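One structure below.
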Amino acid sequence: MRPHPAVLPLATLTFMAMAPVARAQCVGLDFEAGYRSLAATRSATAIFGSDGGFTLGGSAQYAHARGPFLRAGLRTFSKSGEKVFLQNASSPFYPLGFPLEAKITSFDLILGWRFRLGSKKRPSPLVPYAGIGLENASYKEESTVAGLLEKTDESKTGVQFVAGLEYRLPASFSLAAEFGYSKVTGILGVGGVSQIYGEDDIGGYRVMGRLGYRFPLGKRKGAPGKSTTPKPAPKKK
Amino acid sequence: MKRIALVGFLASLGAILLVQPARARQEFVGQPLRRTMAVVGTPESFRADQVLVQFRDTVTEREASSLLRAVRAREARPARHARHFRVTLETETPVLETVRRLRGMPEVQYAEPNHVRRAFQASTFTPNDRLFRLQWNFRLIGAPRAWAIQKGKADVAVAVLDTGIAYEDFGPYRKAPDWGSQQFLPGWDFVNGDAHPNDDESHGTHVASTIAQATNNGLGVAGLAFDCSLMPVKVLDERGGGSDFDIAEALDYVTNFREGGKNPVRVINMSFGGGGFGETLAAAVDRAAQAGILLVGSSGNDDVGEVVFPASLENVVAVGAVDGRKQRAYYTSYGSALDLVAPGGDDSRDDDGDGVEDFVFQQTFDPGTALGGRYDAFVTLGFIGTSSSSPHVAALAALLFSQGIGDAHAVRAVMEQTAEDLGATGRDDQFGHGLIRPEKALSGLGLAK
């Protein structure tokens, strides 16, 4: 037996969950779009002509303004290619003209930390953050060979790491640039060209842009609200 | 309280993952082919008055003539595309003794008898009807499904080195009616030395029909790669025998053939073999393979554990035979050089239950009437033997070239990697890599599957 690769990230998450936190909290919704590159570079290039492409998704998070955050996200990545023949890892591949559609849908759960820039009194609108977590990748592959549909539908869980820089905009909006890396094994490497190339990771890296909206939870220090001080009674004339 | 619950959940998940067993990793491991070669020969297995000899580069023509005179040579015919000679000896000159004398000369690179190879034809059977339903062999390998994917392309040709093909109306020879509009490249008759490689035995036409008989034309039976072209090359005479010299010449002819600046011949089928190792023929096989042509040969019909020459060569895909149950046919030779198996038939079985023994049926002329000089009595004839299994593989190779796999090594690899593993797991000496699966070979690979 050997430890699962997710053990270390989970241990870190556990540690982070126990850390002291700031009090200001919010719930946020984010829309994400960007570029994803598959770790199975050679396999993807053989089938699709390149190893990356456009990806988009969204996420919801529970976060402290400066402190831990927990995020759940969903992303999708689709690519079209064609089936090939490959003799071995060092031989050329031969496209055979049968169209192939692949789709990766990833669900992830990330626990991370938002760091403070600037002073406590005048915090910077830039918020760096980093996190690690789990990614469940669902892979669907469909190809049609002379009228016969061939399907692959597999789902596995792996680990991922994200790091980004958020810029807080007025009116609770935010923009962020984020880098992510995931490793999900068990779907690739057991058949197809990925087996011949010895590539078993369907994860990879991604560079995303994020547009978010934050819903504050509870009162913040100095925030406008109803005063508890009784109003002076109007003078009688 | 909520945070304590989260910490507990994460810690529990970590503990579960910690004890998950490691997953076994599958790895692709290639297996090198092993070949058996031996220098043997009996008086029945080579031309009684001929030897093949090649001199070293430094030997001049005059020195060579002098040396050949010393061994009672009557005539020396040089090869067209190589440096060896076919030397015809004076009457009563013993061939093996002459070979030994030549091998003892330092000027001689190699010398050997001009071995005779024989067509494999275990037996024949003529049914009354001419229907595709008789072709259990194509159903066994899923040909109807493969045809939905690829039927072949005319710019991919298979050269059939055999007794010739009934491909034209010329003199007493007639074109078989079930060729339809099949395209034939200009071949050569290396037995009679002319440009009309017509069949005078029936074997070559049957073999070629398995590869590319006209199909879906309402006549006779089908061929596996019926939209591919054929090149008739006659190397076996009317008794089904041919010499290494002629076969090597034919291989060089095919190798150097050009049409429109390129060679359309991607596959050579050799449904013959026998005798011992022949360096002349082996060298010609190597030249063809180096030119990017895939060579396919029969393993032999002697039910022995050694594949015959030339199929035993590394550059030839050696094909054995299975019956309708996918079991090794009773006659097929096998061994360490066997690469693949394909349907070869069994005259004692009717595994598809159609009321007819499981021969491989194709159109050719009646070999009985051919003995009387008539080559126009065309029938749908049943053969069994590795002569019939080899063209199945040659045809599949032609389909794969048509599909866009441009390299002979890759075509060979796809046939081996997609074969149905029969017998012991992995490659074995009884079935090689297994029974060809055209549909699987043609379908290719996806990312994950």
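Residues in the structure tokens are named by chain (A, B, ... in the order shown) and by number from 1 within that chain; ligands are numbered from 1 in the order shown.
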
* Non-local contacts of Pro125 (chain A) (9 Å; only C-alpha atoms; under 5 positions in same chain excluded) as an MDAnalysis selection string -> chainID A and resid 117:118 166:169

Those selected residues, please, written with C-alpha atoms and delivered as a short mmCIF file (atom, residue, chain, number, x, y, z; two decimals), in the first residue's frame.
data_model
loop_
_atom_site.label_atom_id
_atom_site.label_comp_id
_atom_site.auth_asym_id
_atom_site.auth_seq_id
_atom_site.Cartn_x
_atom_site.Cartn_y
_atom_site.Cartn_z
CA LEU A 117 -1.40 43.53 0.94
CA GLY A 118 -1.03 46.99 2.43
CA GLU A 166 -7.74 39.35 -7.21
CA TYR A 167 -8.48 43.03 -7.76
CA ARG A 168 -11.44 44.35 -5.82
CA LEU A 169 -13.65 46.60 -7.85
#

Write out as a CSV table (one decimal) with N, CA and C atoms, in the first residue's frame which residues come within 8 Å of region 176-189 of chain A when counting only C-alpha atoms, dropping same-chain ones fewer than 2 positions away.
chain,number,residue,atom,x,y,z
A,135,GLU,N,-10.1,17.6,-7.3
A,135,GLU,CA,-10.8,17.8,-8.6
A,135,GLU,C,-11.3,16.5,-9.1
A,136,ASN,N,-12.6,16.4,-9.3
A,136,ASN,CA,-13.3,15.3,-9.9
A,136,ASN,C,-13.5,15.6,-11.4
A,137,ALA,N,-12.7,14.8,-12.2
A,137,ALA,CA,-12.8,15.0,-13.7
A,137,ALA,C,-13.7,13.9,-14.3
A,139,TYR,N,-14.6,12.4,-17.9
A,139,TYR,CA,-14.2,12.5,-19.3
A,139,TYR,C,-15.1,11.7,-20.2
A,154,GLU,N,-15.7,8.1,-18.3
A,154,GLU,CA,-15.0,7.8,-17.1
A,154,GLU,C,-14.9,9.0,-16.2
A,155,SER,N,-14.8,8.7,-14.9
A,155,SER,CA,-14.7,9.8,-13.9
A,155,SER,C,-13.7,9.4,-12.8
A,156,LYS,N,-12.8,10.3,-12.5
A,156,LYS,CA,-11.8,10.0,-11.5
A,156,LYS,C,-11.6,11.3,-10.7
A,157,THR,N,-11.0,11.1,-9.5
A,157,THR,CA,-10.7,12.3,-8.6
A,157,THR,C,-9.2,12.4,-8.4
A,158,GLY,N,-8.7,13.6,-8.5
A,158,GLY,CA,-7.3,13.9,-8.3
A,158,GLY,C,-7.1,15.2,-7.4
A,159,VAL,N,-5.9,15.7,-7.5
A,159,VAL,CA,-5.6,16.9,-6.7
A,159,VAL,C,-5.4,18.1,-7.6
A,160,GLN,N,-5.5,19.3,-7.0
A,160,GLN,CA,-5.2,20.5,-7.7
A,160,GLN,C,-4.7,21.6,-6.8
A,161,PHE,N,-4.0,22.5,-7.5
A,161,PHE,CA,-3.4,23.7,-6.8
A,161,PHE,C,-3.8,24.9,-7.6
A,162,VAL,N,-4.2,26.0,-6.9
A,162,VAL,CA,-4.5,27.2,-7.6
A,162,VAL,C,-3.7,28.4,-6.9
A,163,ALA,N,-3.4,29.4,-7.7
A,163,ALA,CA,-2.8,30.6,-7.1
A,163,ALA,C,-3.3,31.7,-8.0
A,164,GLY,N,-3.7,32.9,-7.4
A,164,GLY,CA,-4.2,33.9,-8.2
A,164,GLY,C,-4.0,35.3,-7.5
A,165,LEU,N,-4.4,36.3,-8.3
A,165,LEU,CA,-4.4,37.7,-7.8
A,165,LEU,C,-5.7,38.3,-8.1
A,166,GLU,N,-6.4,38.8,-7.0
A,166,GLU,CA,-7.7,39.4,-7.2
A,166,GLU,C,-7.7,40.9,-7.1
A,167,TYR,N,-8.4,41.6,-7.9
A,167,TYR,CA,-8.5,43.0,-7.8
A,167,TYR,C,-9.9,43.4,-7.4
A,174,SER,N,-15.3,41.9,-8.5
A,174,SER,CA,-13.9,41.6,-8.4
A,174,SER,C,-13.4,41.0,-9.8
A,191,GLY,N,-5.7,2.8,-22.3
A,191,GLY,CA,-6.1,2.4,-23.6
A,191,GLY,C,-5.8,3.6,-24.6
A,192,GLY,N,-6.1,3.4,-25.8
A,192,GLY,CA,-5.9,4.5,-26.8
A,192,GLY,C,-4.4,5.0,-26.9
A,193,VAL,N,-4.2,6.1,-27.5
A,193,VAL,CA,-2.9,6.6,-27.7
A,193,VAL,C,-2.2,6.9,-26.4
A,194,SER,N,-3.0,7.3,-25.4
A,194,SER,CA,-2.4,7.7,-24.1
A,194,SER,C,-1.7,6.5,-23.5
A,195,GLN,N,-2.2,5.3,-23.7
A,195,GLN,CA,-1.5,4.1,-23.2
A,195,GLN,C,-0.1,3.9,-23.9
A,196,ILE,N,-0.1,4.1,-25.2
A,196,ILE,CA,1.1,3.9,-25.9
A,196,ILE,C,2.1,5.0,-25.5
A,197,TYR,N,1.7,6.2,-25.3
A,197,TYR,CA,2.6,7.3,-24.9
A,197,TYR,C,2.9,7.2,-23.4
A,198,GLY,N,2.2,6.4,-22.7
A,198,GLY,CA,2.5,6.3,-21.3
A,198,GLY,C,2.0,7.6,-20.5
A,199,GLU,N,1.0,8.2,-21.0
A,199,GLU,CA,0.5,9.4,-20.3
A,199,GLU,C,-0.8,9.1,-19.6
A,200,ASP,N,-0.8,9.2,-18.3
A,200,ASP,CA,-2.0,8.8,-17.5
A,200,ASP,C,-2.7,9.9,-16.8
A,201,ASP,N,-2.3,11.2,-17.1
A,201,ASP,CA,-2.8,12.3,-16.3
A,201,ASP,C,-3.7,13.1,-17.3
A,202,ILE,N,-5.0,13.3,-16.9
A,202,ILE,CA,-5.9,14.1,-17.7
A,202,ILE,C,-6.0,15.5,-17.2
A,203,GLY,N,-5.2,15.8,-16.1
A,203,GLY,CA,-5.2,17.1,-15.6
A,203,GLY,C,-4.3,18.0,-16.5
A,204,GLY,N,-3.6,18.9,-15.9
A,204,GLY,CA,-2.7,19.9,-16.6
A,204,GLY,C,-2.8,21.2,-16.0
A,205,TYR,N,-2.4,22.2,-16.7
A,205,TYR,CA,-2.5,23.6,-16.1
A,205,TYR,C,-3.5,24.4,-16.8
A,206,ARG,N,-4.0,25.4,-16.1
A,206,ARG,CA,-4.9,26.3,-16.8
A,206,ARG,C,-4.6,27.8,-16.3
A,207,VAL,N,-4.9,28.7,-17.2
A,207,VAL,CA,-4.7,30.1,-16.9
A,207,VAL,C,-6.1,30.7,-17.1
A,208,MET,N,-6.7,31.3,-16.0
A,208,MET,CA,-8.1,31.7,-16.1
A,208,MET,C,-8.2,33.2,-15.7
A,209,GLY,N,-9.2,33.8,-16.3
A,209,GLY,CA,-9.6,35.1,-15.9
A,209,GLY,C,-11.0,34.9,-15.1
A,210,ARG,N,-11.2,35.7,-14.0
A,210,ARG,CA,-12.4,35.5,-13.2
A,210,ARG,C,-13.1,36.8,-12.9
A,211,LEU,N,-14.3,36.8,-13.1
A,211,LEU,CA,-15.1,38.0,-12.8
A,211,LEU,C,-16.1,37.5,-11.7
B,26,GLN,N,-0.5,-0.3,-16.3
B,26,GLN,CA,-0.3,-1.2,-17.5
B,26,GLN,C,0.8,-0.5,-18.4
B,447,LEU,N,-8.2,9.0,-27.6
B,447,LEU,CA,-7.3,9.5,-26.6
B,447,LEU,C,-7.2,8.4,-25.4
B,448,ALA,N,-8.4,8.0,-25.0
B,448,ALA,CA,-8.4,7.1,-23.8
B,448,ALA,C,-8.7,5.6,-24.2

* **Backbone-only DSSP, strand (DSSP E) members of region 59-198 of chain A, as a PyMOL selection string** => chain A and resi 59-64+68-86+93-114+126-145+148-168+173-183

Since we have the selection now, will you write its residues out, keeping C-alpha atoms, as a short mmCIF file (atom, residue, chain, number, x, y, z; two decimals), in the first residue's frame?
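File written: result_39.cif
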data_model
loop_
_atom_site.label_atom_id
_atom_site.label_comp_id
_atom_site.auth_asym_id
_atom_site.auth_seq_id
_atom_site.Cartn_x
_atom_site.Cartn_y
_atom_site.Cartn_z
CA SER A 59 -17.60 28.80 -8.89
CA ALA A 60 -19.12 29.71 -5.57
CA GLN A 61 -17.02 30.45 -2.53
CA TYR A 62 -17.28 31.22 1.10
CA ALA A 63 -14.44 33.53 2.02
CA HIS A 64 -12.98 35.76 4.64
CA PRO A 68 -9.29 31.18 4.46
CA PHE A 69 -11.77 30.50 1.70
CA LEU A 70 -13.62 27.42 0.55
CA ARG A 71 -14.56 27.23 -3.09
CA ALA A 72 -16.58 24.83 -5.22
CA GLY A 73 -16.30 25.13 -8.97
CA LEU A 74 -17.39 23.56 -12.21
CA ARG A 75 -15.53 23.85 -15.50
CA THR A 76 -15.90 22.40 -18.95
CA PHE A 77 -13.39 21.82 -21.71
CA SER A 78 -14.24 20.43 -25.16
CA LYS A 79 -12.09 19.58 -28.11
CA SER A 80 -12.55 17.99 -31.54
CA GLY A 81 -10.08 15.74 -33.29
CA GLU A 82 -9.84 12.46 -35.13
CA LYS A 83 -8.79 8.91 -34.38
CA VAL A 84 -5.27 7.94 -35.27
CA PHE A 85 -3.03 4.93 -35.46
CA LEU A 86 0.15 4.96 -33.45
CA PHE A 93 0.96 8.92 -35.79
CA TYR A 94 -1.42 8.49 -38.71
CA PRO A 95 -4.78 10.34 -38.66
CA LEU A 96 -7.49 8.01 -39.96
CA GLY A 97 -10.24 10.54 -40.65
CA PHE A 98 -12.78 9.36 -38.07
CA PRO A 99 -14.05 12.40 -36.09
CA LEU A 100 -13.66 12.34 -32.31
CA GLU A 101 -15.21 14.66 -29.71
CA ALA A 102 -13.83 14.87 -26.20
CA LYS A 103 -15.26 16.72 -23.21
CA ILE A 104 -13.83 17.11 -19.73
CA THR A 105 -16.15 18.36 -16.99
CA SER A 106 -14.32 19.15 -13.77
CA PHE A 107 -15.83 19.66 -10.37
CA ASP A 108 -13.42 20.93 -7.77
CA LEU A 109 -13.38 21.75 -4.10
CA ILE A 110 -10.61 24.08 -2.94
CA LEU A 111 -9.58 25.33 0.44
CA GLY A 112 -7.20 28.25 0.34
CA TRP A 113 -5.97 31.45 1.89
CA ARG A 114 -6.40 35.09 0.90
CA LEU A 126 -5.08 43.55 -4.70
CA VAL A 127 -5.61 40.24 -2.91
CA PRO A 128 -3.25 37.37 -3.64
CA TYR A 129 -4.59 33.94 -2.83
CA ALA A 130 -3.59 30.28 -3.08
CA GLY A 131 -5.30 27.01 -2.39
CA ILE A 132 -5.26 23.29 -2.86
CA GLY A 133 -8.02 20.77 -3.16
CA LEU A 134 -9.66 17.93 -5.01
CA GLU A 135 -10.77 17.78 -8.61
CA ASN A 136 -13.26 15.27 -9.93
CA ALA A 137 -12.81 15.02 -13.69
CA SER A 138 -15.46 13.42 -15.85
CA TYR A 139 -14.15 12.49 -19.30
CA LYS A 140 -16.41 11.71 -22.25
CA GLU A 141 -15.04 10.65 -25.62
CA GLU A 142 -17.19 9.92 -28.65
CA SER A 143 -16.19 8.89 -32.11
CA THR A 144 -18.13 7.61 -35.06
CA VAL A 145 -16.55 5.02 -37.32
CA LEU A 148 -20.97 3.11 -35.32
CA LEU A 149 -20.76 5.35 -32.26
CA GLU A 150 -17.96 4.48 -29.83
CA LYS A 151 -18.17 6.00 -26.34
CA THR A 152 -15.90 6.39 -23.36
CA ASP A 153 -17.27 7.80 -20.10
CA GLU A 154 -14.97 7.78 -17.09
CA SER A 155 -14.73 9.78 -13.92
CA LYS A 156 -11.82 10.03 -11.46
CA THR A 157 -10.70 12.28 -8.63
CA GLY A 158 -7.31 13.89 -8.25
CA VAL A 159 -5.64 16.87 -6.67
CA GLN A 160 -5.18 20.46 -7.72
CA PHE A 161 -3.42 23.66 -6.78
CA VAL A 162 -4.46 27.22 -7.57
CA ALA A 163 -2.83 30.60 -7.11
CA GLY A 164 -4.20 33.94 -8.20
CA LEU A 165 -4.38 37.68 -7.75
CA GLU A 166 -7.74 39.35 -7.21
CA TYR A 167 -8.48 43.03 -7.76
CA ARG A 168 -11.44 44.35 -5.82
CA PHE A 173 -17.29 43.14 -8.04
CA SER A 174 -13.85 41.65 -8.45
CA LEU A 175 -11.52 40.60 -11.21
CA ALA A 176 -8.88 37.93 -10.83
CA ALA A 177 -6.18 36.19 -12.81
CA GLU A 178 -5.56 32.64 -11.69
CA PHE A 179 -3.16 29.82 -12.44
CA GLY A 180 -4.24 26.27 -11.68
CA TYR A 181 -2.62 22.88 -11.93
CA SER A 182 -4.35 19.53 -11.49
CA LYS A 183 -3.35 15.89 -11.58
#

* In Å, how far is it from CA of Arg266 (chain B) to CA of Ile293 (chain B)? -> 4.8 Å

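Closest approach to Ala146 (chain A) from the set B:Val267, B:Leu251, B:Ala148, B:Ala157 is made by B:Ala148, with distances taken over only C-alpha atoms.
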